[in-house]
Amino acid sequence: MTTLFISDLHLDATRPAITTLFLEFLRHQAIHAQALYILGDLFEAWVGDDDPSELAAEVAAGIRAVSDAGVPVSFIRGNRDFLLGTDYARRCGMRILPDPAVVMLYGTPTLIGHGDALCTSDTAYQAVRAQTRDPAWQAHMLAQPLAARIAFAAQARAASAAHQGGLKADNARFETLTDVTPAEVEATFVRYGIDRMIHGHTHRPAVHELTVGGRACTRIVLGDWYEQGSVLRVTAEGLELQALPLA
């Protein structure tokens with residue numbers, strides 16, 4: 001049996017080919033898995049569970065079919081879909097996990113999360129993250145009319161693009177601030193007392209082997225779905241990061 005991990009799909013109506021790829025992945029691969037974990041940024045933006053879009057309905061139906069087939073589906077919120085709530089999760093038939101969470105994978109305790117909490121060198125981003133994860137701020141946002149939330153999401157995406165663009169003026173600084181902070185990674189391994197971690201967010205798919213406090217540790221980074229799909233397959237025998245090409 002295989003447990004599947006994906007993240008950073010950034011599904012959006014303007015990129016239908018990726019949505020098609022994801023739905024095919026659900027129909028032909030996830031439905032046969034032991035479990036499916038989605039580690040955040042399923043959508044490019046999520047303004048609330050009352051979103052009436054066709055995309056939201058299509059994705060919910062696709063995930064629900066996997067869940068109805070008996071495959072447990074778990075979701076961790078990302079920095080783009082932090083407002084995804086229990087109503088939409090119920091439509092999908094998936095459970096929402098805290099970020100991070102420890103799961104047992106074939107006898108190995110593994111820490112899973114979106115990954116943005118590890119990028120502590122980018123203090124400006126962390127300030128925004130703290131605000132958007134605040135329950136009072138979220139309640140205030142969700143109380144706004146849908147049109148106002150859609151406008152806010154557009155502004156937030158523009159601000160994020162501007163922030164990224166400013167960082168790219170200095171490539172070394174860009175690479176440092178948009179990737180995980182090594183000290184935070186090590187501190188997280190120590191804090192949770194685990195030897196394996198799986199996350200997304202940085203869009204830098206790789207398997208990193210490192211030593212923390214004399215222990216051999218593994219950090220697996222999931223890839224994004226902008227140009228292709230990316231899935232991590234974990235079995236009792238090992239793990240494999242795999243790219244899923246567009247048709």
# chains A, B, ... in the order shown; residues from 1 in each chain; ligands from 1
$ residues_around --residues "region 54-59 of chain A" --least-positions-apart "2" --cutoff "9 Å" --atoms "only C-alpha atoms" --output "PDB file with C-alpha atoms, in the first residue's frame"
ATOM      1  CA  LEU A  11      -5.627  25.529  -8.472  1.00  0.00           C
ATOM      2  CA  ASP A  12      -7.130  28.450 -10.337  1.00  0.00           C
ATOM      3  CA  ALA A  13      -9.739  28.836 -13.074  1.00  0.00           C
ATOM      4  CA  THR A  19      -7.085  21.142 -12.557  1.00  0.00           C
ATOM      5  CA  PHE A  22      -5.283  16.886 -10.481  1.00  0.00           C
ATOM      6  CA  LEU A  23      -8.687  15.330 -11.152  1.00  0.00           C
ATOM      7  CA  PHE A  43      -6.097  26.651  -4.296  1.00  0.00           C
ATOM      8  CA  ASP A  49     -16.414  28.160   2.095  1.00  0.00           C
ATOM      9  CA  ASP A  51     -17.361  30.434  -2.683  1.00  0.00           C
ATOM     10  CA  PRO A  52     -19.880  29.381  -5.383  1.00  0.00           C
ATOM     11  CA  ALA A  61     -16.533  16.318  -6.041  1.00  0.00           C
ATOM     12  CA  GLY A  62     -13.191  14.857  -7.102  1.00  0.00           C
ATOM     13  CA  ILE A  63     -11.842  14.597  -3.556  1.00  0.00           C
ATOM     14  CA  ARG A  64     -15.188  13.308  -2.248  1.00  0.00           C
ATOM     15  CA  TYR A  88     -15.785  22.818   2.519  1.00  0.00           C
ATOM     16  CA  ARG A  91     -18.060  18.626   1.137  1.00  0.00           C
ATOM     17  CA  CYS A  92     -14.723  17.030   0.202  1.00  0.00           C
TER      18      CYS A  92
END
$ select_by_dssp --residues "region 68-156 of chain A" --states "helix (DSSP H, G or I)" --output "count of residues only"
40
$ closest_residue --among "A:His199, A:Arg233, A:Arg204, A:Arg15" --to "Gly115 (chain A)" --atoms "only C-alpha atoms"
A:His199
$ residues_around --residues "Val73 (chain A)" --least-positions-apart "6" --cutoff "12 Å" --atoms "only C-alpha atoms" --output "VMD selection string"
chain A and resid 3 to 6 26 30 to 31 33 to 39 60 62 to 67 89 to 97
$ residues_around --residues "region 98-102 of chain A" --least-positions-apart "4" --cutoff "12 Å" --atoms "only C-alpha atoms" --output "PDB file with N, CA and C atoms, in the first residue's frame"
ATOM      1  N   TYR A  37      -2.696  12.851   1.645  1.00  0.00           N
ATOM      2  CA  TYR A  37      -2.480  14.055   2.440  1.00  0.00           C
ATOM      3  C   TYR A  37      -2.240  15.227   1.495  1.00  0.00           C
ATOM      4  N   ILE A  38      -2.985  16.317   1.697  1.00  0.00           N
ATOM      5  CA  ILE A  38      -2.825  17.547   0.923  1.00  0.00           C
ATOM      6  C   ILE A  38      -2.286  18.603   1.876  1.00  0.00           C
ATOM      7  N   LEU A  39      -1.033  19.024   1.659  1.00  0.00           N
ATOM      8  CA  LEU A  39      -0.356  19.879   2.646  1.00  0.00           C
ATOM      9  C   LEU A  39      -0.390  21.354   2.270  1.00  0.00           C
ATOM     10  N   GLY A  40      -1.562  21.851   1.953  1.00  0.00           N
ATOM     11  CA  GLY A  40      -1.746  23.285   1.799  1.00  0.00           C
ATOM     12  C   GLY A  40      -1.604  23.819   0.392  1.00  0.00           C
ATOM     13  N   SER A  74      -6.631  13.823   4.194  1.00  0.00           N
ATOM     14  CA  SER A  74      -6.335  14.818   5.230  1.00  0.00           C
ATOM     15  C   SER A  74      -5.779  16.066   4.584  1.00  0.00           C
ATOM     16  N   PHE A  75      -6.080  17.200   5.194  1.00  0.00           N
ATOM     17  CA  PHE A  75      -5.696  18.501   4.623  1.00  0.00           C
ATOM     18  C   PHE A  75      -5.086  19.384   5.701  1.00  0.00           C
ATOM     19  N   ILE A  76      -3.999  20.067   5.332  1.00  0.00           N
ATOM     20  CA  ILE A  76      -3.409  21.100   6.185  1.00  0.00           C
ATOM     21  C   ILE A  76      -3.467  22.408   5.417  1.00  0.00           C
ATOM     22  N   ARG A  77      -3.932  23.454   6.071  1.00  0.00           N
ATOM     23  CA  ARG A  77      -4.079  24.737   5.398  1.00  0.00           C
ATOM     24  C   ARG A  77      -2.711  25.322   5.015  1.00  0.00           C
ATOM     25  N   GLY A  78      -2.673  26.020   3.876  1.00  0.00           N
ATOM     26  CA  GLY A  78      -1.465  26.699   3.438  1.00  0.00           C
ATOM     27  C   GLY A  78      -1.595  28.197   3.569  1.00  0.00           C
ATOM     28  N   ASN A  79      -0.658  28.918   2.994  1.00  0.00           N
ATOM     29  CA  ASN A  79      -0.709  30.375   3.078  1.00  0.00           C
ATOM     30  C   ASN A  79      -1.664  30.989   2.064  1.00  0.00           C
ATOM     31  N   PHE A  82      -5.769  29.538   3.853  1.00  0.00           N
ATOM     32  CA  PHE A  82      -5.892  29.480   5.314  1.00  0.00           C
ATOM     33  C   PHE A  82      -7.326  29.691   5.787  1.00  0.00           C
ATOM     34  N   THR A 108       6.998   4.742  11.241  1.00  0.00           N
ATOM     35  CA  THR A 108       7.896   5.890  11.423  1.00  0.00           C
ATOM     36  C   THR A 108       7.096   7.147  11.723  1.00  0.00           C
ATOM     37  N   PRO A 109       7.237   7.736  12.918  1.00  0.00           N
ATOM     38  CA  PRO A 109       6.560   9.000  13.191  1.00  0.00           C
ATOM     39  C   PRO A 109       7.132  10.092  12.291  1.00  0.00           C
ATOM     40  N   THR A 110       6.240  10.827  11.650  1.00  0.00           N
ATOM     41  CA  THR A 110       6.646  11.815  10.646  1.00  0.00           C
ATOM     42  C   THR A 110       5.914  13.127  10.880  1.00  0.00           C
ATOM     43  N   LEU A 111       6.653  14.214  10.906  1.00  0.00           N
ATOM     44  CA  LEU A 111       6.049  15.536  11.070  1.00  0.00           C
ATOM     45  C   LEU A 111       5.663  16.063   9.697  1.00  0.00           C
ATOM     46  N   ILE A 112       4.410  16.470   9.532  1.00  0.00           N
ATOM     47  CA  ILE A 112       3.947  17.013   8.261  1.00  0.00           C
ATOM     48  C   ILE A 112       3.383  18.417   8.471  1.00  0.00           C
ATOM     49  N   GLY A 113       3.537  19.272   7.489  1.00  0.00           N
ATOM     50  CA  GLY A 113       3.023  20.636   7.576  1.00  0.00           C
ATOM     51  C   GLY A 113       3.125  21.320   6.233  1.00  0.00           C
ATOM     52  N   HIS A 114       2.590  22.533   6.159  1.00  0.00           N
ATOM     53  CA  HIS A 114       2.700  23.268   4.913  1.00  0.00           C
ATOM     54  C   HIS A 114       4.136  23.664   4.639  1.00  0.00           C
ATOM     55  N   GLY A 115       4.832  24.152   5.655  1.00  0.00           N
ATOM     56  CA  GLY A 115       6.246  24.474   5.524  1.00  0.00           C
ATOM     57  C   GLY A 115       6.589  25.935   5.671  1.00  0.00           C
ATOM     58  N   ASP A 116       5.606  26.835   5.581  1.00  0.00           N
ATOM     59  CA  ASP A 116       5.933  28.261   5.641  1.00  0.00           C
ATOM     60  C   ASP A 116       6.400  28.699   7.023  1.00  0.00           C
ATOM     61  N   ALA A 117       6.030  27.948   8.063  1.00  0.00           N
ATOM     62  CA  ALA A 117       6.498  28.297   9.408  1.00  0.00           C
ATOM     63  C   ALA A 117       8.001  28.093   9.564  1.00  0.00           C
ATOM     64  N   LEU A 118       8.613  27.360   8.635  1.00  0.00           N
ATOM     65  CA  LEU A 118      10.057  27.117   8.688  1.00  0.00           C
ATOM     66  C   LEU A 118      10.859  28.246   8.059  1.00  0.00           C
ATOM     67  N   ARG A 133      -3.366  33.991  10.465  1.00  0.00           N
ATOM     68  CA  ARG A 133      -3.722  32.784  11.225  1.00  0.00           C
ATOM     69  C   ARG A 133      -4.455  33.118  12.514  1.00  0.00           C
ATOM     70  N   THR A 188      13.039  22.421  14.872  1.00  0.00           N
ATOM     71  CA  THR A 188      11.769  21.712  14.740  1.00  0.00           C
ATOM     72  C   THR A 188      11.958  20.212  14.914  1.00  0.00           C
ATOM     73  N   PHE A 189      13.013  19.665  14.330  1.00  0.00           N
ATOM     74  CA  PHE A 189      13.308  18.246  14.547  1.00  0.00           C
ATOM     75  C   PHE A 189      13.483  17.967  16.038  1.00  0.00           C
ATOM     76  N   ARG A 191      12.392  19.830  18.605  1.00  0.00           N
ATOM     77  CA  ARG A 191      11.166  20.132  19.353  1.00  0.00           C
ATOM     78  C   ARG A 191      10.192  18.956  19.335  1.00  0.00           C
ATOM     79  N   TYR A 192      10.070  18.312  18.191  1.00  0.00           N
ATOM     80  CA  TYR A 192       9.090  17.230  18.062  1.00  0.00           C
ATOM     81  C   TYR A 192       9.703  15.846  18.275  1.00  0.00           C
ATOM     82  N   GLY A 193      11.005  15.768  18.377  1.00  0.00           N
ATOM     83  CA  GLY A 193      11.656  14.501  18.648  1.00  0.00           C
ATOM     84  C   GLY A 193      11.462  13.469  17.559  1.00  0.00           C
ATOM     85  N   ILE A 194      11.422  13.937  16.307  1.00  0.00           N
ATOM     86  CA  ILE A 194      11.206  13.022  15.183  1.00  0.00           C
ATOM     87  C   ILE A 194      12.420  13.075  14.253  1.00  0.00           C
ATOM     88  N   ASP A 195      12.478  12.090  13.344  1.00  0.00           N
ATOM     89  CA  ASP A 195      13.604  11.997  12.425  1.00  0.00           C
ATOM     90  C   ASP A 195      13.210  12.233  10.971  1.00  0.00           C
ATOM     91  N   ARG A 196      11.909  12.439  10.726  1.00  0.00           N
ATOM     92  CA  ARG A 196      11.468  12.658   9.342  1.00  0.00           C
ATOM     93  C   ARG A 196      10.403  13.742   9.281  1.00  0.00           C
ATOM     94  N   MET A 197      10.517  14.584   8.265  1.00  0.00           N
ATOM     95  CA  MET A 197       9.622  15.718   8.087  1.00  0.00           C
ATOM     96  C   MET A 197       9.223  15.811   6.611  1.00  0.00           C
ATOM     97  N   ILE A 198       7.945  16.113   6.364  1.00  0.00           N
ATOM     98  CA  ILE A 198       7.450  16.312   4.997  1.00  0.00           C
ATOM     99  C   ILE A 198       6.718  17.646   4.951  1.00  0.00           C
ATOM    100  N   HIS A 199       7.056  18.478   3.981  1.00  0.00           N
ATOM    101  CA  HIS A 199       6.370  19.770   3.836  1.00  0.00           C
ATOM    102  C   HIS A 199       6.436  20.255   2.397  1.00  0.00           C
ATOM    103  N   GLY A 200       5.697  21.314   2.128  1.00  0.00           N
ATOM    104  CA  GLY A 200       5.712  21.963   0.820  1.00  0.00           C
ATOM    105  C   GLY A 200       6.144  23.405   0.962  1.00  0.00           C
TER     106      GLY A 200
END
$ select_by_dssp --residues "region 34-211 of chain A" --states "strand (DSSP E or B)" --output "PyMOL selection string"
chain A and resi 35-38+43+73-75+95-96+101-105+108-113+196-199+206-211
$ write_last_selection --atoms "N, CA, C and O atoms" --output "compact mmCIF listing (two decimals), in the first residue's frame"
# COMPACT_ATOMS: atom_id res chain seq x y z
N ALA A 35 -3.85 6.26 1.83
CA ALA A 35 -4.27 7.56 2.37
C ALA A 35 -3.72 8.65 1.47
O ALA A 35 -2.72 8.46 0.77
N LEU A 36 -4.38 9.81 1.50
CA LEU A 36 -3.94 10.99 0.74
C LEU A 36 -3.84 12.17 1.70
O LEU A 36 -4.78 12.45 2.45
N TYR A 37 -2.70 12.85 1.65
CA TYR A 37 -2.48 14.06 2.44
C TYR A 37 -2.24 15.23 1.49
O TYR A 37 -1.38 15.15 0.60
N ILE A 38 -2.99 16.32 1.70
CA ILE A 38 -2.83 17.55 0.92
C ILE A 38 -2.29 18.60 1.88
O ILE A 38 -2.99 19.05 2.78
N PHE A 43 -5.60 25.60 -3.40
CA PHE A 43 -6.10 26.65 -4.30
C PHE A 43 -5.13 27.84 -4.32
O PHE A 43 -4.42 28.10 -3.35
N VAL A 73 -8.65 11.11 3.49
CA VAL A 73 -8.04 12.31 2.92
C VAL A 73 -7.86 13.34 4.02
O VAL A 73 -8.82 13.68 4.72
N SER A 74 -6.63 13.82 4.19
CA SER A 74 -6.34 14.82 5.23
C SER A 74 -5.78 16.07 4.58
O SER A 74 -5.07 16.00 3.57
N PHE A 75 -6.08 17.20 5.19
CA PHE A 75 -5.70 18.50 4.62
C PHE A 75 -5.09 19.38 5.70
O PHE A 75 -5.57 19.42 6.83
N ARG A 95 -10.53 15.52 6.39
CA ARG A 95 -10.36 16.09 7.72
C ARG A 95 -9.24 17.12 7.67
O ARG A 95 -8.27 16.98 6.92
N ILE A 96 -9.39 18.17 8.48
CA ILE A 96 -8.37 19.21 8.56
C ILE A 96 -7.48 18.92 9.75
O ILE A 96 -7.96 18.74 10.88
N ALA A 101 1.57 18.54 12.14
CA ALA A 101 0.97 17.39 12.80
C ALA A 101 1.94 16.21 12.67
O ALA A 101 2.72 16.14 11.73
N VAL A 102 1.89 15.32 13.63
CA VAL A 102 2.71 14.11 13.58
C VAL A 102 1.82 12.94 13.20
O VAL A 102 0.76 12.72 13.82
N VAL A 103 2.20 12.22 12.14
CA VAL A 103 1.46 11.04 11.70
C VAL A 103 2.40 9.84 11.70
O VAL A 103 3.62 10.00 11.55
N MET A 104 1.85 8.66 11.85
CA MET A 104 2.65 7.44 11.82
C MET A 104 2.58 6.85 10.42
O MET A 104 1.50 6.53 9.92
N LEU A 105 3.74 6.74 9.77
CA LEU A 105 3.81 6.18 8.42
C LEU A 105 4.61 4.89 8.45
O LEU A 105 5.84 4.91 8.54
N THR A 108 7.00 4.74 11.24
CA THR A 108 7.90 5.89 11.42
C THR A 108 7.10 7.15 11.72
O THR A 108 6.32 7.61 10.88
N PRO A 109 7.24 7.74 12.92
CA PRO A 109 6.56 9.00 13.19
C PRO A 109 7.13 10.09 12.29
O PRO A 109 8.35 10.24 12.18
N THR A 110 6.24 10.83 11.65
CA THR A 110 6.65 11.81 10.65
C THR A 110 5.91 13.13 10.88
O THR A 110 4.69 13.13 11.04
N LEU A 111 6.65 14.21 10.91
CA LEU A 111 6.05 15.54 11.07
C LEU A 111 5.66 16.06 9.70
O LEU A 111 6.49 16.10 8.77
N ILE A 112 4.41 16.47 9.53
CA ILE A 112 3.95 17.01 8.26
C ILE A 112 3.38 18.42 8.47
O ILE A 112 2.84 18.73 9.53
N GLY A 113 3.54 19.27 7.49
CA GLY A 113 3.02 20.64 7.58
C GLY A 113 3.13 21.32 6.23
O GLY A 113 3.69 20.77 5.28
N ARG A 196 11.91 12.44 10.73
CA ARG A 196 11.47 12.66 9.34
C ARG A 196 10.40 13.74 9.28
O ARG A 196 9.51 13.80 10.13
N MET A 197 10.52 14.58 8.27
CA MET A 197 9.62 15.72 8.09
C MET A 197 9.22 15.81 6.61
O MET A 197 10.06 15.62 5.73
N ILE A 198 7.95 16.11 6.36
CA ILE A 198 7.45 16.31 5.00
C ILE A 198 6.72 17.65 4.95
O ILE A 198 5.85 17.91 5.79
N HIS A 199 7.06 18.48 3.98
CA HIS A 199 6.37 19.77 3.84
C HIS A 199 6.44 20.25 2.40
O HIS A 199 7.15 19.70 1.55
N ALA A 206 12.72 18.04 -3.15
CA ALA A 206 14.00 17.39 -2.88
C ALA A 206 13.87 16.54 -1.63
O ALA A 206 12.95 16.71 -0.82
N VAL A 207 14.82 15.61 -1.48
CA VAL A 207 14.95 14.83 -0.25
C VAL A 207 16.29 15.21 0.38
O VAL A 207 17.34 15.01 -0.22
N HIS A 208 16.22 15.80 1.56
CA HIS A 208 17.42 16.28 2.25
C HIS A 208 17.76 15.35 3.41
O HIS A 208 16.91 15.08 4.26
N GLU A 209 19.00 14.89 3.44
CA GLU A 209 19.48 14.10 4.55
C GLU A 209 20.39 14.99 5.41
O GLU A 209 21.28 15.66 4.88
N LEU A 210 20.15 15.03 6.71
CA LEU A 210 20.94 15.88 7.59
C LEU A 210 21.10 15.22 8.95
O LEU A 210 20.39 14.25 9.27
N THR A 211 22.05 15.71 9.73
CA THR A 211 22.27 15.20 11.07
C THR A 211 21.90 16.28 12.08
O THR A 211 22.38 17.42 12.00
$ atom_distance --atom1 "CA of Glu44 (chain A)" --atom2 "CA of Ala143 (chain A)"
21.0 Å
$ residues_around --residues "His140 (chain A)" --least-positions-apart "5" --cutoff "12 Å" --atoms "only C-alpha atoms" --output "ChimeraX atom specification"
/A:48,83,131-135,145,148-149
$ closest_residue --among "A:Ala45, A:Thr120, A:His28, A:Thr20" --to "Ala158 (chain A)" --atoms "only C-alpha atoms"
A:Ala45
$ atom_distance --atom1 "CA of Trp137 (chain A)" --atom2 "CA of Trp46 (chain A)"
15.1 Å
$ closest_residue --among "A:Asp8, A:Glu175, A:Glu24, A:Asp50" --to "Ile150 (chain A)" --atoms "only C-alpha atoms"
A:Asp50
